[in-house]
file my_file_26.csv (CSV, C-alpha atoms)
chain,number,residue,atom,x,y,z
L,9,MET,CA,30.0,-0.2,-57.0
L,10,ILE,CA,27.5,1.0,-54.5
L,11,LYS,CA,29.3,2.2,-51.3
L,12,THR,CA,27.7,1.5,-48.0
L,13,PHE,CA,28.1,2.3,-44.3
L,14,GLU,CA,26.2,1.5,-41.1
L,15,PHE,CA,24.5,4.2,-39.1
L,16,TYR,CA,23.8,3.4,-35.4
L,17,PHE,CA,21.0,5.6,-34.0
L,18,ASP,CA,18.5,6.1,-31.2
L,19,PHE,CA,15.5,8.4,-31.7
L,20,SER,CA,16.0,10.1,-28.3
L,21,SER,CA,19.4,11.5,-29.4
L,22,PRO,CA,19.1,14.9,-31.1
L,23,TYR,CA,22.5,14.5,-32.7
L,24,SER,CA,21.3,11.2,-34.3
L,25,PHE,CA,18.5,13.2,-35.9
L,26,LEU,CA,21.0,15.7,-37.3
L,27,ALA,CA,23.0,12.8,-38.7
L,28,HIS,CA,19.8,11.2,-40.1
L,29,LYS,CA,18.8,14.3,-42.0
L,30,GLN,CA,22.3,14.6,-43.5
L,31,ILE,CA,22.2,10.9,-44.5
L,32,ARG,CA,18.9,11.3,-46.3
L,33,LYS,CA,20.5,14.1,-48.4
L,34,ILE,CA,23.7,12.0,-49.0
L,35,GLU,CA,21.6,9.0,-50.1
L,36,LEU,CA,19.9,11.2,-52.7
L,37,GLU,CA,23.1,12.8,-54.0
L,38,ASN,CA,25.5,10.0,-53.9
L,39,ASN,CA,25.8,6.3,-54.8
L,40,ILE,CA,25.6,5.3,-51.2
L,41,LYS,CA,23.5,2.9,-49.3
L,42,VAL,CA,23.2,3.5,-45.6
L,43,ASN,CA,22.2,0.7,-43.3
L,44,TYR,CA,20.2,2.0,-40.3
L,45,LYS,CA,21.0,0.1,-37.1
L,46,PRO,CA,18.8,0.7,-34.1
L,47,VAL,CA,20.4,0.6,-30.7
L,48,LEU,CA,19.6,1.7,-27.2
L,49,LEU,CA,21.6,4.7,-26.3
L,50,GLY,CA,21.0,4.2,-22.6
L,51,GLY,CA,22.2,0.6,-22.9
L,52,LEU,CA,25.4,1.7,-24.7
L,53,HIS,CA,26.1,4.3,-22.0
L,54,LYS,CA,25.6,1.7,-19.3
L,55,LEU,CA,28.0,-0.8,-21.0
L,56,ALA,CA,30.6,2.0,-21.6
L,57,GLY,CA,30.3,3.6,-18.2
L,58,ILE,CA,29.1,7.0,-19.6
L,59,THR,CA,26.7,9.4,-18.0
L,60,ALA,CA,24.4,10.9,-20.7
L,61,ASN,CA,24.7,14.6,-21.5
L,62,ALA,CA,21.1,14.9,-20.5
L,63,PHE,CA,22.0,14.1,-16.9
L,64,ILE,CA,25.0,16.5,-16.6
L,65,PRO,CA,23.4,19.9,-16.3
L,66,ALA,CA,26.3,22.0,-17.7
L,67,LYS,CA,26.5,19.7,-20.7
L,68,ALA,CA,22.8,19.5,-21.2
L,69,LYS,CA,22.6,23.2,-21.3
L,70,PHE,CA,25.2,23.6,-24.0
L,71,MET,CA,23.9,20.6,-26.0
L,72,ILE,CA,20.5,22.3,-26.5
L,73,ARG,CA,22.2,25.5,-28.0
L,74,ASP,CA,24.7,23.4,-29.9
L,75,CYS,CA,22.1,21.3,-31.6
L,76,LYS,CA,20.3,24.4,-32.7
L,77,MET,CA,23.5,26.0,-34.0
L,78,CYS,CA,24.4,22.8,-35.9
L,79,ALA,CA,20.9,22.4,-37.4
L,80,GLU,CA,21.0,26.0,-38.5
L,81,LYS,CA,24.4,25.6,-40.2
L,82,LEU,CA,23.2,22.4,-41.9
L,83,ASN,CA,19.9,24.0,-42.9
L,84,ILE,CA,17.9,21.4,-41.1
L,85,GLU,CA,14.5,22.2,-39.6
L,86,PHE,CA,14.9,21.4,-35.9
L,87,LYS,CA,13.1,21.9,-32.6
L,88,PHE,CA,14.6,20.7,-29.4
L,89,ASN,CA,11.9,18.4,-28.0
L,90,SER,CA,10.1,20.0,-25.1
L,91,PHE,CA,9.5,16.6,-23.4
L,92,PHE,CA,13.2,15.6,-23.6
L,93,PRO,CA,14.4,13.2,-22.2
L,94,THR,CA,11.6,10.7,-23.0
L,95,SER,CA,12.3,7.0,-23.1
L,96,SER,CA,12.8,5.7,-26.7
L,97,LEU,CA,12.7,2.0,-25.7
L,98,ASP,CA,9.4,1.0,-27.3
L,99,LEU,CA,10.0,3.2,-30.4
L,100,MET,CA,13.4,1.6,-30.9
L,101,ARG,CA,11.9,-1.9,-30.6
L,102,GLY,CA,9.3,-0.7,-33.1
L,103,VAL,CA,12.1,-0.3,-35.7
L,104,LEU,CA,12.5,-4.1,-35.7
L,105,ILE,CA,8.8,-4.6,-36.2
L,106,ALA,CA,8.7,-2.1,-39.0
L,107,GLU,CA,11.6,-3.8,-40.7
L,108,LYS,CA,9.8,-7.1,-40.7
L,109,ASN,CA,6.9,-5.4,-42.3
L,110,ASN,CA,9.0,-3.6,-45.0
L,111,LYS,CA,8.3,-0.2,-43.5
L,112,LYS,CA,11.6,0.5,-41.9
L,113,LYS,CA,12.4,3.7,-43.8
L,114,GLU,CA,9.0,5.2,-43.4
L,115,TYR,CA,8.9,4.4,-39.7
L,116,ILE,CA,12.3,5.9,-39.1
L,117,ASP,CA,11.4,9.1,-40.9
L,118,ILE,CA,8.2,9.5,-39.1
L,119,PHE,CA,9.5,9.0,-35.6
L,120,PHE,CA,12.7,11.1,-36.0
L,121,ASP,CA,10.6,13.9,-37.3
L,122,ALA,CA,8.1,13.4,-34.4
L,123,TYR,CA,10.9,13.9,-31.9
L,124,TRP,CA,13.1,16.6,-33.4
L,125,LYS,CA,11.0,18.5,-35.9
L,126,ASN,CA,7.4,18.3,-34.8
L,127,ASP,CA,8.0,18.5,-31.0
L,128,PHE,CA,5.6,15.8,-30.3
L,129,ASN,CA,5.1,14.3,-26.8
L,130,LEU,CA,6.2,10.7,-27.3
L,131,ASN,CA,5.1,9.7,-23.9
L,132,ASP,CA,1.6,9.8,-25.4
L,133,LYS,CA,0.7,6.3,-26.6
L,134,SER,CA,-2.4,7.4,-28.5
L,135,LEU,CA,-0.3,9.8,-30.5
L,136,ILE,CA,2.2,7.0,-31.3
L,137,LEU,CA,-0.7,4.8,-32.5
L,138,LYS,CA,-1.9,7.6,-34.7
L,139,LEU,CA,1.5,8.0,-36.3
L,140,LEU,CA,1.8,4.2,-36.8
L,141,LYS,CA,-1.5,4.2,-38.7
L,142,LYS,CA,0.0,6.4,-41.4
L,143,ILE,CA,2.2,3.5,-42.4
L,144,ALA,CA,-0.4,0.8,-41.8
L,145,LEU,CA,1.1,-0.5,-38.6
L,146,THR,CA,-1.3,-1.0,-35.7
L,147,LYS,CA,0.4,-1.9,-32.5
L,148,MET,CA,3.2,-1.2,-30.0
L,149,GLU,CA,3.5,-4.4,-28.1
L,150,PHE,CA,6.5,-6.6,-28.2
L,151,GLU,CA,7.3,-10.3,-27.8
L,152,ASP,CA,10.3,-11.2,-25.8
L,153,GLU,CA,12.0,-12.1,-29.1
L,154,ILE,CA,11.9,-8.4,-30.2
L,155,LYS,CA,13.0,-7.2,-26.8
L,156,ASN,CA,16.0,-9.5,-26.8
L,157,GLU,CA,16.8,-8.6,-30.4
L,158,LEU,CA,17.3,-5.0,-29.6
L,159,LYS,CA,19.3,-5.8,-26.5
L,160,ASN,CA,21.6,-8.1,-28.6
L,161,LYS,CA,22.0,-5.5,-31.3
L,162,THR,CA,23.1,-2.9,-28.6
L,163,GLN,CA,25.6,-5.4,-27.2
L,164,GLU,CA,26.9,-6.2,-30.6
L,165,ALA,CA,27.4,-2.5,-31.4
L,166,PHE,CA,29.3,-2.0,-28.1
L,167,ASN,CA,31.5,-5.0,-29.0
L,168,LYS,CA,32.4,-3.2,-32.2
L,169,GLY,CA,33.6,-0.2,-30.2
L,170,ILE,CA,30.4,1.9,-30.2
L,171,PHE,CA,29.8,3.9,-27.1
L,172,GLY,CA,27.1,6.4,-28.2
L,173,THR,CA,24.9,7.7,-31.0
L,174,PRO,CA,25.2,8.7,-33.7
L,175,SER,CA,27.9,6.3,-34.7
L,176,PHE,CA,29.0,4.9,-38.1
L,177,ILE,CA,30.9,1.9,-39.2
L,178,VAL,CA,32.6,1.7,-42.6
L,179,ASN,CA,35.5,-0.7,-43.6
L,180,ASN,CA,35.4,-1.9,-40.0
L,181,LYS,CA,36.2,1.6,-38.7
L,182,MET,CA,34.0,3.3,-36.2
L,183,PHE,CA,33.2,7.0,-36.2
L,184,PHE,CA,31.2,9.0,-33.6
L,185,GLY,CA,29.3,12.2,-34.0
L,186,GLN,CA,27.0,13.9,-36.6
L,187,ASP,CA,29.9,16.3,-37.2
L,188,ARG,CA,32.2,13.4,-38.4
L,189,ILE,CA,30.1,12.3,-41.4
L,190,GLU,CA,32.7,13.8,-43.8
L,191,PHE,CA,35.3,11.4,-42.4
L,192,VAL,CA,32.8,8.5,-42.9
L,193,LEU,CA,32.3,9.4,-46.5
L,194,LYS,CA,36.1,9.8,-47.1
L,195,GLU,CA,36.6,6.3,-45.6
L,196,ALA,CA,33.8,4.9,-47.8
L,197,GLU,CA,35.6,6.1,-50.9
L,198,LYS,CA,38.7,4.0,-50.1
M,24,MET,CA,37.0,47.6,-32.9
M,25,ILE,CA,39.1,44.6,-32.0
M,26,LYS,CA,37.0,41.6,-31.3
M,27,THR,CA,37.9,39.3,-28.5
M,28,PHE,CA,37.0,35.9,-27.0
M,29,GLU,CA,38.2,33.7,-24.1
M,30,PHE,CA,39.8,30.4,-24.7
M,31,TYR,CA,39.8,27.9,-21.7
M,32,PHE,CA,42.4,25.2,-22.1
M,33,ASP,CA,44.4,22.5,-20.4
M,34,PHE,CA,47.7,21.2,-22.0
M,35,SER,CA,46.7,17.6,-21.4
M,36,SER,CA,43.7,17.9,-23.7
M,37,PRO,CA,44.6,17.1,-27.4
M,38,TYR,CA,41.5,18.9,-28.6
M,39,SER,CA,42.7,22.0,-26.7
M,40,PHE,CA,45.9,21.8,-28.8
M,41,LEU,CA,43.9,21.6,-32.0
M,42,ALA,CA,41.9,24.6,-30.9
M,43,HIS,CA,45.1,26.5,-29.9
M,44,LYS,CA,46.7,25.9,-33.4
M,45,GLN,CA,43.5,27.2,-35.1
M,46,ILE,CA,43.5,30.2,-32.8
M,47,ARG,CA,47.1,31.1,-33.6
M,48,LYS,CA,46.1,31.2,-37.3
M,49,ILE,CA,42.9,33.2,-36.6
M,50,GLU,CA,44.9,35.8,-34.6
M,51,LEU,CA,47.2,36.3,-37.6
M,52,GLU,CA,44.4,36.6,-40.1
M,53,ASN,CA,41.8,38.5,-38.3
M,54,ASN,CA,41.4,41.4,-36.0
M,55,ILE,CA,40.8,39.2,-33.0
M,56,LYS,CA,42.4,39.1,-29.6
M,57,VAL,CA,42.1,35.8,-27.8
M,58,ASN,CA,42.5,35.7,-24.1
M,59,TYR,CA,44.0,32.3,-23.0
M,60,LYS,CA,42.5,31.1,-19.7
M,61,PRO,CA,44.2,28.2,-18.0
M,62,VAL,CA,42.0,25.7,-16.1
M,63,LEU,CA,42.4,22.2,-14.8
M,64,LEU,CA,40.4,19.8,-16.9
M,65,GLY,CA,40.4,17.2,-14.1
M,66,GLY,CA,38.9,19.8,-11.8
M,67,LEU,CA,36.2,20.8,-14.2
M,68,HIS,CA,35.3,17.1,-14.8
M,69,LYS,CA,35.1,16.6,-11.0
M,70,LEU,CA,32.8,19.6,-10.6
M,71,ALA,CA,30.6,18.6,-13.5
M,72,GLY,CA,30.4,14.9,-12.7
M,73,ILE,CA,32.1,13.8,-15.9
M,74,THR,CA,34.4,10.8,-16.5
M,75,ALA,CA,37.3,11.9,-18.8
M,76,ASN,CA,37.4,10.3,-22.3
M,77,ALA,CA,40.9,8.9,-21.3
M,78,PHE,CA,39.3,6.7,-18.7
M,79,ILE,CA,36.5,5.3,-20.9
M,80,PRO,CA,38.3,2.7,-23.1
M,81,ALA,CA,35.8,2.8,-26.0
M,82,LYS,CA,35.9,6.6,-26.1
M,83,ALA,CA,39.7,6.8,-25.6
M,84,LYS,CA,40.2,4.5,-28.5
M,85,PHE,CA,38.1,6.6,-30.9
M,86,MET,CA,39.5,9.9,-29.5
M,87,ILE,CA,43.0,9.0,-30.6
M,88,ARG,CA,41.9,8.3,-34.2
M,89,ASP,CA,39.6,11.3,-34.2
M,90,CYS,CA,42.3,13.7,-33.1
M,91,LYS,CA,44.5,12.5,-36.0
M,92,MET,CA,41.7,12.9,-38.5
M,93,CYS,CA,40.8,16.4,-37.3
M,94,ALA,CA,44.5,17.4,-37.3
M,95,GLU,CA,44.9,16.1,-40.8
M,96,LYS,CA,41.8,18.0,-42.0
M,97,LEU,CA,43.1,21.2,-40.4
M,98,ASN,CA,46.6,20.7,-41.7
M,99,ILE,CA,48.0,20.7,-38.2
M,100,GLU,CA,51.2,18.8,-37.3
M,101,PHE,CA,50.1,16.4,-34.6
M,102,LYS,CA,51.3,13.4,-32.7
M,103,PHE,CA,49.2,11.7,-30.0
M,104,ASN,CA,51.4,11.8,-27.0
M,105,SER,CA,52.9,8.4,-26.2
M,106,PHE,CA,52.8,9.2,-22.5
M,107,PHE,CA,49.1,10.2,-22.3
M,108,PRO,CA,47.6,10.7,-19.9
M,109,THR,CA,50.2,12.6,-17.9
M,110,SER,CA,49.3,15.2,-15.2
M,111,SER,CA,49.3,18.7,-16.4
M,112,LEU,CA,48.8,20.2,-12.9
M,113,ASP,CA,52.3,21.9,-12.6
M,114,LEU,CA,52.4,23.0,-16.2
M,115,MET,CA,49.0,24.7,-15.8
M,116,ARG,CA,50.2,26.4,-12.6
M,117,GLY,CA,53.2,27.5,-14.6
M,118,VAL,CA,51.0,29.5,-17.0
M,119,LEU,CA,50.3,31.8,-14.1
M,120,ILE,CA,54.0,32.3,-13.3
M,121,ALA,CA,54.8,32.8,-17.0
M,122,GLU,CA,52.0,35.4,-17.2
M,123,LYS,CA,53.5,37.4,-14.3
M,124,ASN,CA,56.8,37.3,-16.1
M,125,ASN,CA,55.3,38.5,-19.5
M,126,LYS,CA,56.1,35.1,-21.1
M,127,LYS,CA,52.6,33.7,-21.3
M,128,LYS,CA,52.4,33.4,-25.0
M,129,GLU,CA,55.8,31.8,-25.4
M,130,TYR,CA,55.2,29.4,-22.5
M,131,ILE,CA,51.9,28.2,-23.9
M,132,ASP,CA,53.3,27.7,-27.4
M,133,ILE,CA,56.2,25.7,-26.0
M,134,PHE,CA,54.2,23.3,-23.8
M,135,PHE,CA,51.4,22.7,-26.2
M,136,ASP,CA,54.0,21.7,-28.8
M,137,ALA,CA,55.8,19.6,-26.2
M,138,TYR,CA,52.7,17.6,-25.6
M,139,TRP,CA,51.0,17.3,-29.0
M,140,LYS,CA,53.7,17.9,-31.6
M,141,ASN,CA,57.0,16.8,-30.2
M,142,ASP,CA,55.7,13.8,-28.2
M,143,PHE,CA,57.8,14.7,-25.2
M,144,ASN,CA,57.5,12.9,-21.9
M,145,LEU,CA,56.2,15.6,-19.6
M,146,ASN,CA,56.7,13.4,-16.5
M,147,ASP,CA,60.4,14.2,-16.9
M,148,LYS,CA,61.1,17.2,-14.8
M,149,SER,CA,64.6,17.8,-16.2
M,150,LEU,CA,63.0,18.1,-19.7
M,151,ILE,CA,60.6,20.7,-18.4
M,152,LEU,CA,63.4,22.8,-16.9
M,153,LYS,CA,65.2,22.6,-20.2
M,154,LEU,CA,62.1,23.9,-22.0
M,155,LEU,CA,61.6,26.7,-19.4
M,156,LYS,CA,65.2,27.8,-19.9
M,157,LYS,CA,64.4,28.7,-23.6
M,158,ILE,CA,62.2,31.5,-22.3
M,159,ALA,CA,64.4,32.5,-19.3
M,160,LEU,CA,62.2,30.9,-16.7
M,161,THR,CA,64.0,28.7,-14.2
M,162,LYS,CA,61.8,26.9,-11.7
M,163,MET,CA,58.7,24.8,-11.4
M,164,GLU,CA,57.8,25.2,-7.7
M,165,PHE,CA,54.7,27.0,-6.6
M,166,GLU,CA,53.5,29.0,-3.6
M,167,ASP,CA,50.1,28.3,-2.2
M,168,GLU,CA,48.9,31.5,-3.8
M,169,ILE,CA,49.5,30.1,-7.3
M,170,LYS,CA,48.0,26.8,-6.4
M,171,ASN,CA,44.9,28.5,-5.2
M,172,GLU,CA,44.7,30.9,-8.1
M,173,LEU,CA,44.5,28.0,-10.6
M,174,LYS,CA,41.9,26.3,-8.4
M,175,ASN,CA,39.8,29.5,-8.3
M,176,LYS,CA,40.1,30.0,-12.0
M,177,THR,CA,38.8,26.5,-12.6
M,178,GLN,CA,35.9,27.1,-10.2
M,179,GLU,CA,35.1,30.4,-11.9
M,180,ALA,CA,35.1,28.7,-15.3
M,181,PHE,CA,32.7,26.1,-14.0
M,182,ASN,CA,30.4,28.8,-12.7
M,183,LYS,CA,30.2,30.2,-16.2
M,184,GLY,CA,28.9,26.9,-17.5
M,185,ILE,CA,32.2,25.4,-18.6
M,186,PHE,CA,32.5,21.6,-18.1
M,187,GLY,CA,35.5,20.7,-20.3
M,188,THR,CA,38.2,21.9,-22.6
M,189,PRO,CA,38.6,23.4,-25.1
M,190,SER,CA,35.9,25.9,-24.3
M,191,PHE,CA,35.3,29.5,-25.4
M,192,ILE,CA,33.3,32.4,-24.1
M,193,VAL,CA,32.2,35.4,-26.2
M,194,ASN,CA,29.4,37.8,-25.5
M,195,ASN,CA,28.7,35.8,-22.3
M,196,LYS,CA,27.9,32.7,-24.4
M,197,MET,CA,29.8,29.5,-23.9
M,198,PHE,CA,31.0,27.1,-26.7
M,199,PHE,CA,32.6,23.7,-26.3
M,200,GLY,CA,34.9,21.9,-28.7
M,201,GLN,CA,37.7,22.6,-31.2
M,202,ASP,CA,35.1,21.9,-33.9
M,203,ARG,CA,32.9,24.8,-32.8
M,204,ILE,CA,35.3,27.7,-33.4
M,205,GLU,CA,33.3,28.8,-36.4
M,206,PHE,CA,30.3,29.4,-34.1
M,207,VAL,CA,32.6,31.4,-31.7
M,208,LEU,CA,33.8,33.6,-34.6
M,209,LYS,CA,30.3,34.1,-35.8
M,210,GLU,CA,29.2,35.2,-32.3
M,211,ALA,CA,32.2,37.5,-32.0
M,212,GLU,CA,31.1,39.3,-35.2
M,213,LYS,CA,27.8,40.2,-33.6
call {"tool": "encode", "arguments": {"input": "my_file_26.csv", "output": "structure tokens"}}
result
Amino acid sequence: MIKTFEFYFDFSSPYSFLAHKQIRKIELENNIKVNYKPVLLGGLHKLAGITANAFIPAKAKFMIRDCKMCAEKLNIEFKFNSFFPTSSLDLMRGVLIAEKNNKKKEYIDIFFDAYWKNDFNLNDKSLILKLLKKIALTKMEFEDEIKNELKNKTQEAFNKGIFGTPSFIVNNKMFFGQDRIEFVLKEAEK
Amino acid sequence: MIKTFEFYFDFSSPYSFLAHKQIRKIELENNIKVNYKPVLLGGLHKLAGITANAFIPAKAKFMIRDCKMCAEKLNIEFKFNSFFPTSSLDLMRGVLIAEKNNKKKEYIDIFFDAYWKNDFNLNDKSLILKLLKKIALTKMEFEDEIKNELKNKTQEAFNKGIFGTPSFIVNNKMFFGQDRIEFVLKEAEK
């Protein structure tokens, strides 16, 4: 039987990137199907009453070093984005469009790398359009339907106990943190 | 040469307990001297602008399960304290008294276990006095000097970039989290 778990992510979260890269390896090596679930990290924080690391100077300072140390340990090519924090709102909405066009996987790989490997400036709309072209997508404008869909998905995630990214759900149990994937896999084996 | 690092802790933090137990093993197995530094977690959070996990329901719920999973992985006997959160203010002040009486190590071992292994109610002053008796300490009242000393130590820790517990400093570098001790040891080897 193919095992499966859900992975809740936001491109703007460097720890989500570290989880994503580990998941791509796990998918290759194991009989596991991972369901990528886009959410808005800012929305989750608001719902939970959390101030993001990025806005707590002492935490932000450690986070940058910590991400580098974790990436090195995991042998993941990583560069803390020079333009951090940039809004990921439109890029997260784009996941839903990509999904409807059967390009979800390619889209996610491209924009995670753009943020945390290639050090691209994702405030630059022309750059985003150039990246979209690679997978034959052409625009970054959204109907209200898509806007609401992402909002609803974020609310649903919060209702399941999720307060940040990266998070995982398997067997109705929630796990938080790129450094907790071993627990997720253990739970998936049950 | 004996290597050394600083360990910043508060008894009320379950992750500090998990760090403490790992450190006791490390001290036995390695040529490492760990300098235990008492601080007030509540004070650090206030200085940094952080809301404690305990007061964010979604986070608190995960934290309880996460501590159990980490303890199991590390083979540490652990029970999430039924009376959590209880104030650790007087017990943290007590570390300074114990230190002046050359009982710091024994005191720390007793009260970490009381919180996170024995599930004791540390609101109960008579219980605290009973525990103190074991190491020939007799009272839990503090002069202003001790109160200020703990406050100052907390402020000093914050000035070094510390925003929570458990934290570690080695070679002037700060590390946060019981799951980052491997990075601390790696840095200590440098």
call {"tool": "closest_residue", "arguments": {"input": "my_file_26.csv", "among": "M:Ser149, M:Gln201, M:Asn98, M:Ser105", "to": "Met163 in chain M", "atoms": "only C-alpha atoms"}}
result
M:Ser149
call {"tool": "interface_residues", "arguments": {"input": "my_file_26.csv", "of": "chain L", "to": "chain M", "cutoff": "8 Å", "atoms": "only C-alpha atoms", "output": "count of residues only"}}
result
18
call {"tool": "atom_distance", "arguments": {"input": "my_file_26.csv", "atom1": "CA of Leu145 in chain M", "atom2": "CA of Tyr59 in chain M"}}
result
21.0 Å
call {"tool": "closest_residue", "arguments": {"input": "my_file_26.csv", "among": "L:Asp121, L:Ser24, L:Gly102, L:Glu107", "to": "Leu137 in chain L", "atoms": "all atoms listed in the file"}}
result
L:Gly102
call {"tool": "residues_around", "arguments": {"input": "my_file_26.csv", "residues": "Asn43 in chain L", "least_positions_apart": "3", "cutoff": "12 Å", "atoms": "all atoms listed in the file", "output": "list in words"}}
result
Lys11, Thr12, Phe13, Glu14, Phe15, Tyr16, Phe17, His28, Ile31, Arg32, Glu35, Ile40, Pro46, Glu107, Lys112, Lys113, Ile116, Ser175, Phe176, Ile177 and Val178 of chain L
call {"tool": "axis_aligned_box", "arguments": {"input": "my_file_26.csv", "around": "range 120-125 of chain L", "padding_each_side": "8 Å", "output": "lines of an AutoDock Vina configuration file"}}
result
center_x = 10.6
center_y = 14.8
center_z = -34.6
size_x = 21.0
size_y = 23.4
size_z = 21.4
call {"tool": "residues_around", "arguments": {"input": "my_file_26.csv", "residues": "Phe101 in chain M", "least_positions_apart": "5", "cutoff": "10 Å", "atoms": "all atoms listed in the file", "output": "VMD selection string"}}
result
chain M and resid 37 40 to 41 90 to 95 136 138 to 142
call {"tool": "atom_distance", "arguments": {"input": "my_file_26.csv", "atom1": "CA of Lys156 in chain M", "atom2": "CA of Leu114 in chain M"}}
result
14.2 Å
call {"tool": "residues_around", "arguments": {"input": "my_file_26.csv", "residues": "Asp33 in chain M", "least_positions_apart": "5", "cutoff": "6 Å", "atoms": "all atoms listed in the file", "output": "PyMOL selection string"}}
result
chain M and resi 62-64
call {"tool": "atom_distance", "arguments": {"input": "my_file_26.csv", "atom1": "CA of Ile84 in chain L", "atom2": "CA of Phe120 in chain L"}}
result
12.6 Å
call {"tool": "build_atoms", "arguments": {"input": "my_file_26.csv", "residues": "range 155-169 of chain M", "atoms": "N, CA and C atoms", "output": "PDB file, keeping the file's coordinate frame"}}
result
ATOM      1  N   LEU M 155      61.833  25.371 -20.093  1.00  0.00           N
ATOM      2  CA  LEU M 155      61.600  26.700 -19.400  1.00  0.00           C
ATOM      3  C   LEU M 155      62.800  27.621 -19.699  1.00  0.00           C
ATOM      4  N   LYS M 156      63.992  27.049 -19.716  1.00  0.00           N
ATOM      5  CA  LYS M 156      65.200  27.800 -19.900  1.00  0.00           C
ATOM      6  C   LYS M 156      65.142  28.645 -21.237  1.00  0.00           C
ATOM      7  N   LYS M 157      64.514  28.059 -22.245  1.00  0.00           N
ATOM      8  CA  LYS M 157      64.400  28.700 -23.600  1.00  0.00           C
ATOM      9  C   LYS M 157      63.715  30.085 -23.443  1.00  0.00           C
ATOM     10  N   ILE M 158      62.849  30.234 -22.417  1.00  0.00           N
ATOM     11  CA  ILE M 158      62.200  31.500 -22.300  1.00  0.00           C
ATOM     12  C   ILE M 158      62.561  32.183 -20.950  1.00  0.00           C
ATOM     13  N   ALA M 159      63.784  31.810 -20.489  1.00  0.00           N
ATOM     14  CA  ALA M 159      64.400  32.500 -19.300  1.00  0.00           C
ATOM     15  C   ALA M 159      63.548  32.304 -18.046  1.00  0.00           C
ATOM     16  N   LEU M 160      62.832  31.187 -17.971  1.00  0.00           N
ATOM     17  CA  LEU M 160      62.200  30.900 -16.700  1.00  0.00           C
ATOM     18  C   LEU M 160      63.009  29.707 -16.091  1.00  0.00           C
ATOM     19  N   THR M 161      63.037  29.668 -14.757  1.00  0.00           N
ATOM     20  CA  THR M 161      64.000  28.700 -14.200  1.00  0.00           C
ATOM     21  C   THR M 161      63.440  27.707 -13.206  1.00  0.00           C
ATOM     22  N   LYS M 162      62.227  27.917 -12.721  1.00  0.00           N
ATOM     23  CA  LYS M 162      61.800  26.900 -11.700  1.00  0.00           C
ATOM     24  C   LYS M 162      60.309  26.531 -11.887  1.00  0.00           C
ATOM     25  N   MET M 163      60.019  25.398 -11.330  1.00  0.00           N
ATOM     26  CA  MET M 163      58.700  24.800 -11.400  1.00  0.00           C
ATOM     27  C   MET M 163      58.231  24.457  -9.990  1.00  0.00           C
ATOM     28  N   GLU M 164      58.329  25.444  -9.105  1.00  0.00           N
ATOM     29  CA  GLU M 164      57.800  25.200  -7.700  1.00  0.00           C
ATOM     30  C   GLU M 164      56.798  26.359  -7.472  1.00  0.00           C
ATOM     31  N   PHE M 165      55.790  26.042  -6.690  1.00  0.00           N
ATOM     32  CA  PHE M 165      54.700  27.000  -6.600  1.00  0.00           C
ATOM     33  C   PHE M 165      54.286  27.297  -5.166  1.00  0.00           C
ATOM     34  N   GLU M 166      54.105  28.565  -4.888  1.00  0.00           N
ATOM     35  CA  GLU M 166      53.500  29.000  -3.600  1.00  0.00           C
ATOM     36  C   GLU M 166      52.059  28.615  -3.569  1.00  0.00           C
ATOM     37  N   ASP M 167      51.522  28.590  -2.383  1.00  0.00           N
ATOM     38  CA  ASP M 167      50.100  28.300  -2.200  1.00  0.00           C
ATOM     39  C   ASP M 167      49.227  29.271  -3.020  1.00  0.00           C
ATOM     40  N   GLU M 168      49.714  30.491  -3.133  1.00  0.00           N
ATOM     41  CA  GLU M 168      48.900  31.500  -3.800  1.00  0.00           C
ATOM     42  C   GLU M 168      48.648  31.107  -5.271  1.00  0.00           C
ATOM     43  N   ILE M 169      49.677  30.585  -5.940  1.00  0.00           N
ATOM     44  CA  ILE M 169      49.500  30.100  -7.300  1.00  0.00           C
ATOM     45  C   ILE M 169      48.597  28.923  -7.396  1.00  0.00           C
TER      46      ILE M 169
END
